[in-house]
Structures are given as structure tokens and as C-alpha cells.
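Here the structure comes first, spelled out in C-alpha cells, and everything after it is commentary.
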Amino acid sequence: MSQPIPTTMKAVILPSAGERLTLRTVPVPTVVPGSALIKVLSTAVDGHGPALLSGKIFTFPDNFTPGCRTVGRVAATGPDTTSLTHGQLVMIEPFFRGRDDPNVQILWGAFDGPSPASKKFMAQNWALGGYAEYTLAPLENVHVLDEEVLCGQLGYSVHDLLQLSVQLVAYGGLRSIGLQAGETVIVAPATGSFSGAAVHVAVAMGAKVIAMGRKKEVLEEFQRVHGESRVKIVVPTGDVEADTAALKKFGEVDAYIDISPAQASTSTHIRSCFLAVKPYGRVSLMGVVTNDLAVPYSYLVWNSLTVKGLYMYERADVTGLIKLAESGVLKLGEGAAMTVLGTFGLEDIEKALELAASDTRAGRVVAITP
Ligand SMILES: NC(=O)c1ccc[n+]([C@@H]2O[C@H](COP(=O)([O-])OP(=O)(O)OC[C@H]3O[C@@H](n4cnc5c(N)ncnc54)[C@H](OP(=O)(O)O)[C@@H]3O)[C@@H](O)[C@H]2O)c1
């Protein structure tokens with residue numbers, strides 16, 4: 001028997017950028033055509049939460065509810081729903097796009113995008129993120145997860161499943177440069193939240209990975225779960241020539257994916273990685289590097305490299321990644337060196353943010369469980 005849906009619920013509200021998060025009682029949203037109401041089971045807490053909520057990196061409407069990586073259950077569906085049914089386990093994929101113009105894009109629960117149209121799109125429709133008991137999402141962003149397989153046969157917790165929307169970013173990047181099974185790809189840096197996920201995704205896609213990063217102990221976690229034959233590690237020294245040679249010593253490098261943050265924009269690893277890629281190789285740039293880079297222009301030309309920038313991913317990537325996880329090839333949980341550091345109720349959001357900020361290494365998860 002399905003539980004009746006209450007008329008009110010608890011939700012974390014950010015009155016405006018930089019203010020304190022508050023827990024409020026608000027109306028449960030009404031399902032409208034094109035949407036589904038989701039009972040939230042688990043929403044990830046970003047390790048950079050305080051910075052993101054300061055409004056200096058991302059913008060968002062006043063009185064918005066953050067929380068952008070959510071797993072939950074379908075609680076109610078709109079009249080135009082064709083496949084979702086009540087009670088199904090689902091993931092809300094946070095890259096919401098305008099139906100009439102897919103170039104109007106927001107990151108649900110995090111960022112209202114750069115244009116007046118994207119800001120209006122979020123403010124008037126999707127300002128309620130995942131730190132709430134219930135939330136509303138567009139039907140096309142609600143993806144059914146095979147609970148019997150993922151939680152039953154493969155033994156994952158709902159918190160493990162949060163990692164899917166992190167892995168999705170890397171999957172989009174690696175697919176955009178056509179990574180093939182058997183190829184060798186450099187992932188750099190490899191020790192962050194999104195970049196670390198790229199290691200597991202590339203292994204699942206059949207590639208051999210050269211994971212480059214400054215935290216050797218994190219790189220060794222990748223080797224522990226995937227084996228030394230699938231994951232090679234390189235700790236950069238800052239000497240471009242030596243680091244390029246270290247990357248090339250495992251054989252031909254077909255591709256390189258970079259998911260650097262702004263702090264790494266002057267890091268020499270970027271140049272070393274470019275110089276290590278073989279002729280006709282491909283490079284995916286997915287970091288948020290705020291200043292321009294000096295790339296080895298003539299090396300790119302003489303070696304016919306393809307460089308592809310990508311924001312997020314395509315819709316086909318979402319279904320592809322979920323299939324990869326359901327097949328058991330893409331690992332979550334312990335198989336992806338994941339550690340759930342802690343889970344908290346909505347009332348403890350500040351404690352959750354603090355814990356998440358204390359350890360931002362790859363695979364660390366803190367979750368809100370309303
Ligand atoms: N294109 C997209 O659609 C997309 C999607 C999601 C995220 N992103 C962006 O991707 C970036 C990385 O995300 P993340 O979550 O992985 O970040 P993160 O968890 O903060 O990790 C940062 C990574 O960068 C490394 N790093 C930091 N400063 C460095 C420096 N000076 N030199 C060399 N390496 C340095 C860190 O290495 P240590 O461990 O050694 O400190 C760590 O591996 C962010 O800017 C994020 O906004 C882009």
C-alpha cells in the first residue's frame with residue numbers, strides 16, 4: 001500500500017547566497033505535467049558546499065533548496081508519464097535543460113546557469129533541490145534504477161548509487177572522445193571527486209588508465225580495486241620532461257581526460273599530459289579552469305591531436321552509464337574505492353557540510369537522508 005503524500009514537508013532553504021541554511025516546513029510540490037514527485041532517500045553533500053553556497057562560484061535564486069545528486073522513489077507522476085510507476089527506485093540526473101531550447105541549462109540544486117532564460121527556468125520551476133523530504137523533477141531527468149540488480153544482486157546501498165551522477169560526467173567526456181576498450185587513457189588529476197570517478201569509468205569502458213595525481217595513497221586505492229595491470233600511477237614532479245617520460249613509459253597513450261579545478265590552472269601536469277598523447281590521439285577537457293592555458297600548439301598540430309571541451313554530458317550517456325553499472329562492469333561502493341563518511345538528517349546539514357569539506361578525496365561520500 002502506498003503511503004499518502006503529506007501536504008507539507010521539511011526542506012533546507014538558503015534564503016540568499018552566503019546566508020545560513022535553515023530548515024523550514026514548506027508545501028510538498030504539486031505534480032504538474034512533465035514532472036514526477038520523488039521521495040528523497042539520499043542526496044550527496046558536496047565537499048565544496050560552503051564555497052558553492054557562497055554565491056561566488058555558482059548563482060541561484062533566493063529561497064532555494066540545494067542538493068543536486070539524489071536517489072529516491074517515485075511518489076507521484078504527472079498525467080503524461082508513460083513509464084515511471086509509483087515506488088520505483090530512481091536517480092535524479094541534475095543537468096536540467098529547457099524542453100523548447102536544450103541550450104538553456106541549469107545544474108539542479110546548484111547553479112541557475114549563465115543567462116536570464118536559465119535563471120528564470122530554475123527560479124520559476126526547479127528551485128527545490130534534493131535537501132528536502134520530497135522533490136520535483138522533469139520526467140526526462142528521472143532515471144529508473146534496477147533495484148533488484150543494483151541493491152539486491154550487487155549489494156549496493158542507496159548512498160553508493162549517488163556516485164552514478166559523479167561518474168556520469170567522466171563517462172560523457174570519455175565517450176565524447178570515443179574511448180575504446182583496450183586503449184590507454186591518462187586521467188589527470190585523478191584524486192578529486194569527479195576526476196577520481198573517471199578512473200573507474202575508464203576501467204569499466206575497457207581502457208588501461210594512467211592515473212596522475214599528487215596524493216599517492218589515493219592512486220593506490222585505484223590499483224587496489226582494479227589491479228596494477230589496469231591502473232598505472234604517476235605522481236607529478238613538476239618537471240615537464242620527466243613527467244612526460246613517466247607517462248609514456250607504459251606504452252602508447254591514446255587519450256587524456258583532464259578534470260582540473262581552477263587551482264590547478266598553472267599546474268605543469270596539463271602540458272606533460274598533452275605531450276604524452278600519441279599522434280592522432282584525443283584529449284577531453286572537462287575541468288573548470290578559469291584562466292587561459294598555454295597549450296603545446298605545435299605538438300598538437302604535428303601530431304594531429306583532437307581536443308574536445310565538454311560541459312556535463314548527453315542524455316544517451318545517462319542511460320549508457322546506468323546500463324554499465326547494472327551489468328556489473330562499472331563498479332560502485334567498495335569496487336570503486338568508495339567510503340561513505342557519514343549520513344545525516346536534514347536538521348544536521350551544517351554538520352554534513354563540515355564532514356564533507358574535511359575530506360574531498362576521490363570516492364568519499366557524505367549523504368543527507370531526509
Ligand atoms: N565539465 C563539467 O561538466 C564538470 C562537471 C563536474 C565538475 N567539473 C569541474 O571539475 C573540476 C574538478 O572537480 P573535482 O570534484 O574532481 O574537484 P576536487 O574534488 O576538488 O579535486 C580537485 C583535484 O585537483 C587537484 N588539484 C588541486 N589543486 C591542484 C594543483 N595546484 N595542481 C595539481 N592538481 C591540483 C587535486 O589534487 P590533490 O588531491 O593532490 O589536491 C584533486 O585531484 C572542478 O573545477 C569542477 O567544477 C566540471
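By convention in this document, the chains of the C-alpha cells carry letters A, B, ... by their order, each chain's residues are numbered from 1, and ligands are numbered from 1 in the order they are shown.
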Backbone-only DSSP, strand (DSSP E) members of region 218-344 of chain A, as an MDAnalysis selection string: chainID A and resid 231:234 253:258 277:285 306:309 339:344
Grab the residues selected above and save them as an mmCIF file, in the first residue's frame with N, CA, C and O atoms.
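Below you can see again_22.cif, which holds the result:
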data_model
loop_
_atom_site.group_PDB
_atom_site.id
_atom_site.type_symbol
_atom_site.label_atom_id
_atom_site.label_comp_id
_atom_site.auth_asym_id
_atom_site.auth_seq_id
_atom_site.Cartn_x
_atom_site.Cartn_y
_atom_site.Cartn_z
ATOM 1 N N VAL A 231 45.532 -0.161 -13.839
ATOM 2 C CA VAL A 231 45.762 1.224 -13.399
ATOM 3 C C VAL A 231 47.244 1.427 -13.089
ATOM 4 O O VAL A 231 47.802 0.771 -12.210
ATOM 5 N N LYS A 232 47.867 2.297 -13.846
ATOM 6 C CA LYS A 232 49.248 2.706 -13.582
ATOM 7 C C LYS A 232 49.187 4.060 -12.891
ATOM 8 O O LYS A 232 48.252 4.832 -13.130
ATOM 9 N N ILE A 233 50.165 4.341 -12.065
ATOM 10 C CA ILE A 233 50.102 5.629 -11.382
ATOM 11 C C ILE A 233 51.361 6.470 -11.625
ATOM 12 O O ILE A 233 52.457 5.931 -11.737
ATOM 13 N N VAL A 234 51.143 7.765 -11.716
ATOM 14 C CA VAL A 234 52.248 8.717 -11.880
ATOM 15 C C VAL A 234 52.000 9.885 -10.923
ATOM 16 O O VAL A 234 50.938 10.514 -10.970
ATOM 17 N N VAL A 253 49.992 6.232 -25.501
ATOM 18 C CA VAL A 253 48.841 6.840 -24.816
ATOM 19 C C VAL A 253 47.852 7.323 -25.882
ATOM 20 O O VAL A 253 48.183 8.175 -26.710
ATOM 21 N N ASP A 254 46.657 6.752 -25.866
ATOM 22 C CA ASP A 254 45.668 7.085 -26.891
ATOM 23 C C ASP A 254 44.874 8.345 -26.564
ATOM 24 O O ASP A 254 44.404 9.031 -27.470
ATOM 25 N N ALA A 255 44.680 8.597 -25.273
ATOM 26 C CA ALA A 255 43.767 9.689 -24.902
ATOM 27 C C ALA A 255 44.122 10.237 -23.528
ATOM 28 O O ALA A 255 44.839 9.601 -22.745
ATOM 29 N N TYR A 256 43.579 11.412 -23.266
ATOM 30 C CA TYR A 256 43.816 12.098 -21.980
ATOM 31 C C TYR A 256 42.545 12.836 -21.610
ATOM 32 O O TYR A 256 41.967 13.533 -22.435
ATOM 33 N N ILE A 257 42.095 12.644 -20.381
ATOM 34 C CA ILE A 257 40.958 13.430 -19.887
ATOM 35 C C ILE A 257 41.440 14.263 -18.714
ATOM 36 O O ILE A 257 42.093 13.756 -17.801
ATOM 37 N N ASP A 258 41.144 15.553 -18.774
ATOM 38 C CA ASP A 258 41.554 16.475 -17.715
ATOM 39 C C ASP A 258 40.313 17.024 -17.029
ATOM 40 O O ASP A 258 39.429 17.576 -17.676
ATOM 41 N N VAL A 277 50.504 12.328 -25.282
ATOM 42 C CA VAL A 277 49.490 11.679 -26.131
ATOM 43 C C VAL A 277 50.072 11.390 -27.517
ATOM 44 O O VAL A 277 50.761 12.213 -28.107
ATOM 45 N N LYS A 278 49.762 10.222 -28.038
ATOM 46 C CA LYS A 278 50.319 9.766 -29.322
ATOM 47 C C LYS A 278 49.718 10.537 -30.503
ATOM 48 O O LYS A 278 48.662 11.174 -30.348
ATOM 49 N N PRO A 279 50.347 10.461 -31.658
ATOM 50 C CA PRO A 279 49.763 11.089 -32.846
ATOM 51 C C PRO A 279 48.331 10.597 -33.084
ATOM 52 O O PRO A 279 48.036 9.421 -32.879
ATOM 53 N N TYR A 280 47.480 11.502 -33.469
ATOM 54 C CA TYR A 280 46.048 11.248 -33.703
ATOM 55 C C TYR A 280 45.291 10.888 -32.416
ATOM 56 O O TYR A 280 44.190 10.355 -32.460
ATOM 57 N N GLY A 281 45.908 11.174 -31.275
ATOM 58 C CA GLY A 281 45.239 10.924 -30.003
ATOM 59 C C GLY A 281 44.184 11.982 -29.719
ATOM 60 O O GLY A 281 44.052 12.967 -30.449
ATOM 61 N N ARG A 282 43.419 11.765 -28.640
ATOM 62 C CA ARG A 282 42.306 12.668 -28.309
ATOM 63 C C ARG A 282 42.422 13.152 -26.872
ATOM 64 O O ARG A 282 42.868 12.409 -25.996
ATOM 65 N N VAL A 283 41.970 14.392 -26.672
ATOM 66 C CA VAL A 283 42.026 14.996 -25.333
ATOM 67 C C VAL A 283 40.635 15.528 -24.981
ATOM 68 O O VAL A 283 40.017 16.241 -25.780
ATOM 69 N N SER A 284 40.156 15.180 -23.798
ATOM 70 C CA SER A 284 38.890 15.721 -23.294
ATOM 71 C C SER A 284 39.191 16.706 -22.174
ATOM 72 O O SER A 284 39.824 16.343 -21.181
ATOM 73 N N LEU A 285 38.759 17.944 -22.338
ATOM 74 C CA LEU A 285 38.943 18.955 -21.286
ATOM 75 C C LEU A 285 37.604 19.183 -20.599
ATOM 76 O O LEU A 285 36.638 19.618 -21.224
ATOM 77 N N THR A 306 43.155 15.736 -31.353
ATOM 78 C CA THR A 306 41.807 16.293 -31.248
ATOM 79 C C THR A 306 41.584 16.712 -29.802
ATOM 80 O O THR A 306 41.821 15.918 -28.887
ATOM 81 N N VAL A 307 41.158 17.950 -29.610
ATOM 82 C CA VAL A 307 40.877 18.434 -28.254
ATOM 83 C C VAL A 307 39.391 18.784 -28.179
ATOM 84 O O VAL A 307 38.885 19.536 -29.006
ATOM 85 N N LYS A 308 38.719 18.202 -27.207
ATOM 86 C CA LYS A 308 37.266 18.371 -27.115
ATOM 87 C C LYS A 308 36.905 18.898 -25.725
ATOM 88 O O LYS A 308 37.205 18.258 -24.717
ATOM 89 N N GLY A 309 36.292 20.068 -25.654
ATOM 90 C CA GLY A 309 35.771 20.566 -24.380
ATOM 91 C C GLY A 309 34.372 20.003 -24.176
ATOM 92 O O GLY A 309 33.656 19.743 -25.155
ATOM 93 N N THR A 339 33.980 5.330 0.086
ATOM 94 C CA THR A 339 33.769 5.278 1.528
ATOM 95 C C THR A 339 32.645 6.244 1.876
ATOM 96 O O THR A 339 32.729 7.434 1.525
ATOM 97 N N VAL A 340 31.600 5.743 2.522
ATOM 98 C CA VAL A 340 30.551 6.645 2.998
ATOM 99 C C VAL A 340 31.024 7.169 4.360
ATOM 100 O O VAL A 340 31.084 6.436 5.340
ATOM 101 N N LEU A 341 31.403 8.432 4.380
ATOM 102 C CA LEU A 341 31.969 9.011 5.613
ATOM 103 C C LEU A 341 30.893 9.218 6.671
ATOM 104 O O LEU A 341 31.183 9.156 7.873
ATOM 105 N N GLY A 342 29.666 9.500 6.237
ATOM 106 C CA GLY A 342 28.602 9.724 7.209
ATOM 107 C C GLY A 342 27.289 10.044 6.516
ATOM 108 O O GLY A 342 27.281 10.469 5.355
ATOM 109 N N THR A 343 26.180 9.802 7.225
ATOM 110 C CA THR A 343 24.863 10.184 6.714
ATOM 111 C C THR A 343 24.163 11.006 7.797
ATOM 112 O O THR A 343 24.344 10.750 8.992
ATOM 113 N N PHE A 344 23.393 11.988 7.377
ATOM 114 C CA PHE A 344 22.798 12.946 8.315
ATOM 115 C C PHE A 344 21.357 13.244 7.926
ATOM 116 O O PHE A 344 21.007 13.194 6.747
#
Residues within 9 Å of ligand 1, counting only C-alpha atoms and all ligand atoms: report them as JSON, numbers by chain. {"A": [46, 47, 48, 166, 168, 169, 170, 172, 173, 188, 189, 190, 191, 192, 193, 194, 195, 196, 197, 212, 213, 214, 215, 216, 218, 236, 258, 259, 260, 261, 262, 263, 264, 265, 266, 267, 268, 269, 270, 285, 286, 287, 288, 289, 290, 309, 310, 311, 312, 313, 360, 361, 362]}
I need the residues from that last selection saved to file as a compact mmCIF listing (two decimals), in the first residue's frame (with N, CA and C atoms), if you can.
# COMPACT_ATOMS: atom_id res chain seq x y z
N ASP A 46 28.22 18.03 -1.22
CA ASP A 46 29.45 18.35 -1.93
C ASP A 46 30.54 18.80 -0.96
N GLY A 47 31.74 18.33 -1.19
CA GLY A 47 32.88 18.70 -0.36
C GLY A 47 33.20 20.19 -0.44
N HIS A 48 32.72 20.83 -1.50
CA HIS A 48 32.95 22.27 -1.65
C HIS A 48 31.68 23.06 -1.35
N VAL A 166 28.17 11.29 -10.39
CA VAL A 166 29.54 11.81 -10.47
C VAL A 166 30.26 11.13 -11.64
N LEU A 168 29.00 9.96 -14.19
CA LEU A 168 28.37 10.36 -15.44
C LEU A 168 29.16 11.45 -16.17
N VAL A 169 29.73 12.37 -15.41
CA VAL A 169 30.48 13.48 -16.02
C VAL A 169 31.67 12.91 -16.80
N ALA A 170 32.42 12.02 -16.16
CA ALA A 170 33.57 11.42 -16.83
C ALA A 170 33.14 10.56 -18.00
N GLY A 172 30.60 11.02 -19.93
CA GLY A 172 30.32 11.94 -21.03
C GLY A 172 31.61 12.36 -21.72
N GLY A 173 32.61 12.70 -20.93
CA GLY A 173 33.88 13.16 -21.51
C GLY A 173 34.58 12.06 -22.27
N ALA A 188 43.89 12.93 -15.38
CA ALA A 188 44.66 13.87 -14.56
C ALA A 188 43.84 15.13 -14.31
N PRO A 189 43.84 15.65 -13.09
CA PRO A 189 44.31 14.96 -11.90
C PRO A 189 43.38 13.77 -11.64
N ALA A 190 43.77 12.85 -10.81
CA ALA A 190 42.94 11.65 -10.64
C ALA A 190 42.45 11.48 -9.21
N THR A 191 42.76 12.44 -8.35
CA THR A 191 42.45 12.20 -6.94
C THR A 191 41.25 13.00 -6.43
N GLY A 192 40.61 13.78 -7.32
CA GLY A 192 39.45 14.56 -6.90
C GLY A 192 38.16 13.76 -7.05
N SER A 193 37.08 14.40 -6.68
CA SER A 193 35.79 13.72 -6.71
C SER A 193 35.41 13.30 -8.14
N PHE A 194 35.35 14.27 -9.05
CA PHE A 194 34.96 13.93 -10.43
C PHE A 194 36.10 13.25 -11.19
N SER A 195 37.33 13.68 -10.94
CA SER A 195 38.44 13.08 -11.68
C SER A 195 38.70 11.65 -11.23
N GLY A 196 38.57 11.39 -9.93
CA GLY A 196 38.74 10.01 -9.44
C GLY A 196 37.71 9.09 -10.06
N ALA A 197 36.48 9.60 -10.21
CA ALA A 197 35.42 8.79 -10.81
C ALA A 197 35.79 8.40 -12.24
N MET A 212 47.14 10.12 -12.81
CA MET A 212 48.19 11.05 -12.39
C MET A 212 47.65 11.97 -11.30
N GLY A 213 48.35 12.06 -10.19
CA GLY A 213 47.89 12.94 -9.13
C GLY A 213 48.92 13.03 -8.02
N ARG A 214 48.69 14.03 -7.15
CA ARG A 214 49.68 14.29 -6.10
C ARG A 214 49.52 13.41 -4.88
N LYS A 215 48.32 12.85 -4.69
CA LYS A 215 48.09 12.03 -3.48
C LYS A 215 48.27 10.55 -3.85
N LYS A 216 49.47 10.05 -3.59
CA LYS A 216 49.79 8.69 -4.00
C LYS A 216 48.87 7.67 -3.33
N VAL A 218 45.80 7.85 -2.67
CA VAL A 218 44.51 7.72 -3.37
C VAL A 218 44.70 6.94 -4.67
N PRO A 236 53.14 13.56 -10.21
CA PRO A 236 53.90 14.58 -10.93
C PRO A 236 55.01 15.19 -10.08
N ASP A 258 41.14 15.55 -18.77
CA ASP A 258 41.55 16.48 -17.71
C ASP A 258 40.31 17.02 -17.03
N ILE A 259 40.25 16.83 -15.71
CA ILE A 259 39.14 17.42 -14.92
C ILE A 259 39.77 18.21 -13.79
N SER A 260 40.46 19.28 -14.18
CA SER A 260 41.18 20.12 -13.20
C SER A 260 40.28 21.19 -12.62
N PRO A 261 40.48 21.53 -11.34
CA PRO A 261 39.81 22.71 -10.79
C PRO A 261 40.63 23.96 -11.08
N ALA A 262 40.08 25.12 -10.76
CA ALA A 262 40.77 26.39 -11.05
C ALA A 262 42.16 26.45 -10.41
N GLN A 263 42.30 25.87 -9.20
CA GLN A 263 43.61 25.94 -8.51
C GLN A 263 44.71 25.26 -9.30
N ALA A 264 44.36 24.34 -10.20
CA ALA A 264 45.38 23.59 -10.94
C ALA A 264 45.73 24.24 -12.27
N SER A 265 45.21 25.46 -12.49
CA SER A 265 45.36 26.03 -13.84
C SER A 265 46.81 26.33 -14.21
N THR A 266 47.69 26.46 -13.23
CA THR A 266 49.10 26.70 -13.59
C THR A 266 49.94 25.43 -13.40
N SER A 267 49.26 24.32 -13.13
CA SER A 267 49.99 23.07 -12.90
C SER A 267 50.63 22.57 -14.20
N THR A 268 51.86 22.08 -14.08
CA THR A 268 52.58 21.61 -15.27
C THR A 268 52.03 20.28 -15.78
N HIS A 269 51.14 19.65 -14.99
CA HIS A 269 50.66 18.33 -15.44
C HIS A 269 49.94 18.43 -16.77
N ILE A 270 49.30 19.57 -17.02
CA ILE A 270 48.50 19.70 -18.25
C ILE A 270 49.41 19.61 -19.48
N LEU A 285 38.76 17.94 -22.34
CA LEU A 285 38.94 18.96 -21.29
C LEU A 285 37.60 19.18 -20.60
N MET A 286 37.55 18.86 -19.30
CA MET A 286 36.29 18.99 -18.56
C MET A 286 36.43 19.77 -17.27
N GLY A 287 37.63 20.26 -16.98
CA GLY A 287 37.80 20.98 -15.72
C GLY A 287 37.18 22.37 -15.79
N VAL A 288 37.08 23.00 -14.65
CA VAL A 288 36.67 24.40 -14.64
C VAL A 288 37.92 25.20 -14.32
N VAL A 289 38.68 25.45 -15.38
CA VAL A 289 39.94 26.19 -15.27
C VAL A 289 39.62 27.60 -15.75
N THR A 290 39.77 28.56 -14.86
CA THR A 290 39.21 29.88 -15.15
C THR A 290 40.12 30.76 -16.02
N GLY A 309 36.29 20.07 -25.65
CA GLY A 309 35.77 20.57 -24.38
C GLY A 309 34.37 20.00 -24.18
N LEU A 310 33.98 19.81 -22.93
CA LEU A 310 32.62 19.32 -22.71
C LEU A 310 32.09 19.77 -21.36
N TYR A 311 30.89 20.31 -21.39
CA TYR A 311 30.16 20.63 -20.15
C TYR A 311 29.15 19.51 -19.94
N MET A 312 29.31 18.80 -18.86
CA MET A 312 28.41 17.70 -18.48
C MET A 312 28.42 16.56 -19.51
N TYR A 313 27.30 16.23 -20.13
CA TYR A 313 27.20 15.01 -20.93
C TYR A 313 25.93 15.06 -21.75
N THR A 360 37.88 15.68 0.82
CA THR A 360 37.33 15.79 -0.55
C THR A 360 38.01 14.82 -1.51
N ARG A 361 38.74 13.84 -0.96
CA ARG A 361 39.42 12.91 -1.85
C ARG A 361 38.41 12.07 -2.64
N ALA A 362 38.89 11.53 -3.74
CA ALA A 362 38.03 10.72 -4.61
C ALA A 362 37.31 9.64 -3.81
Hey, what's within 9 Å of Pro94 (chain A) if we count only C-alpha atoms and toss same-chain stuff fewer than 2 positions away? As number ranges by chain, please? A: 68-70, 92, 96, 106-110, 137, 141, 165
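Neighbouring residues of Leu150 (chain A) at 10 Å or closer, counting only C-alpha atoms and skipping chain neighbours under 5 positions away, are Leu145, Gly155, Tyr156, Ser157, Val158, Asp160, Leu161, Ile322, Ala325, Glu326, Ser327, Gly328 and Leu332 of chain A.
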DSSP on the backbone: what in region 136-370 of chain A comes out alpha helix (DSSP H), as an MDAnalysis selection string? chainID A and resid 147 158:161 164:176 193:204 216:226 240:248 269:276 297:302 315:326 349:358
Residue with smallest distance to Gly87 (chain A) - pool A:Gly18, A:Gly72, A:Pro61, A:Pro116, counting only C-alpha atoms: A:Gly72
May I have the residues within 10 Å of Lys119 (chain A) as a CSV table (one decimal) with C-alpha atoms, in the first residue's frame, using only C-alpha atoms and disregarding those fewer than 3 positions away in the same chain?
chain,number,residue,atom,x,y,z
A,59,THR,CA,24.4,31.6,-8.7
A,60,PHE,CA,20.9,30.5,-7.7
A,61,PRO,CA,17.6,32.0,-6.8
A,104,VAL,CA,19.1,26.7,-21.6
A,105,GLN,CA,20.8,24.6,-18.9
A,106,ILE,CA,20.9,24.5,-15.2
A,111,PHE,CA,23.5,26.6,-10.3
A,112,ASP,CA,20.9,28.5,-12.3
A,113,GLY,CA,23.1,29.0,-15.3
A,114,PRO,CA,24.5,32.0,-17.1
A,115,SER,CA,21.5,33.5,-18.9
A,116,PRO,CA,18.3,35.3,-18.0
A,122,MET,CA,15.3,27.5,-12.4
A,123,ALA,CA,13.6,30.2,-10.3
A,124,GLN,CA,10.1,29.5,-11.6
A,125,ASN,CA,10.3,25.7,-11.9
A,126,TRP,CA,13.2,23.9,-10.3
A,127,ALA,CA,14.4,25.8,-7.2
Might you pull out every residue within 10 Å of Val26 (chain A), with only C-alpha atoms counted and same-chain residues fewer than 5 positions away left off, and present them as number ranges by chain? A: 7-13, 132
N, CA and C atoms of the current selection, written as a short mmCIF file (atom, residue, chain, number, x, y, z; two decimals), in the first residue's frame:
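The result, written out as part_39.cif:
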data_model
loop_
_atom_site.label_atom_id
_atom_site.label_comp_id
_atom_site.auth_asym_id
_atom_site.auth_seq_id
_atom_site.Cartn_x
_atom_site.Cartn_y
_atom_site.Cartn_z
N THR A 7 0.87 17.06 2.92
CA THR A 7 0.74 18.35 2.24
C THR A 7 1.94 19.26 2.53
N THR A 8 2.61 19.00 3.67
CA THR A 8 3.81 19.80 3.98
C THR A 8 4.99 18.86 4.24
N MET A 9 6.17 19.43 4.21
CA MET A 9 7.39 18.63 4.42
C MET A 9 8.49 19.54 4.95
N LYS A 10 9.58 18.92 5.38
CA LYS A 10 10.76 19.69 5.78
C LYS A 10 11.68 19.85 4.56
N ALA A 11 12.27 21.03 4.46
CA ALA A 11 13.24 21.27 3.39
C ALA A 11 14.29 22.26 3.91
N VAL A 12 15.52 22.08 3.46
CA VAL A 12 16.59 23.03 3.78
C VAL A 12 16.48 24.19 2.79
N ILE A 13 16.47 25.40 3.32
CA ILE A 13 16.33 26.58 2.45
C ILE A 13 17.54 27.49 2.64
N ALA A 132 15.50 17.89 0.84
CA ALA A 132 14.08 18.01 1.20
C ALA A 132 13.51 16.61 1.27
#
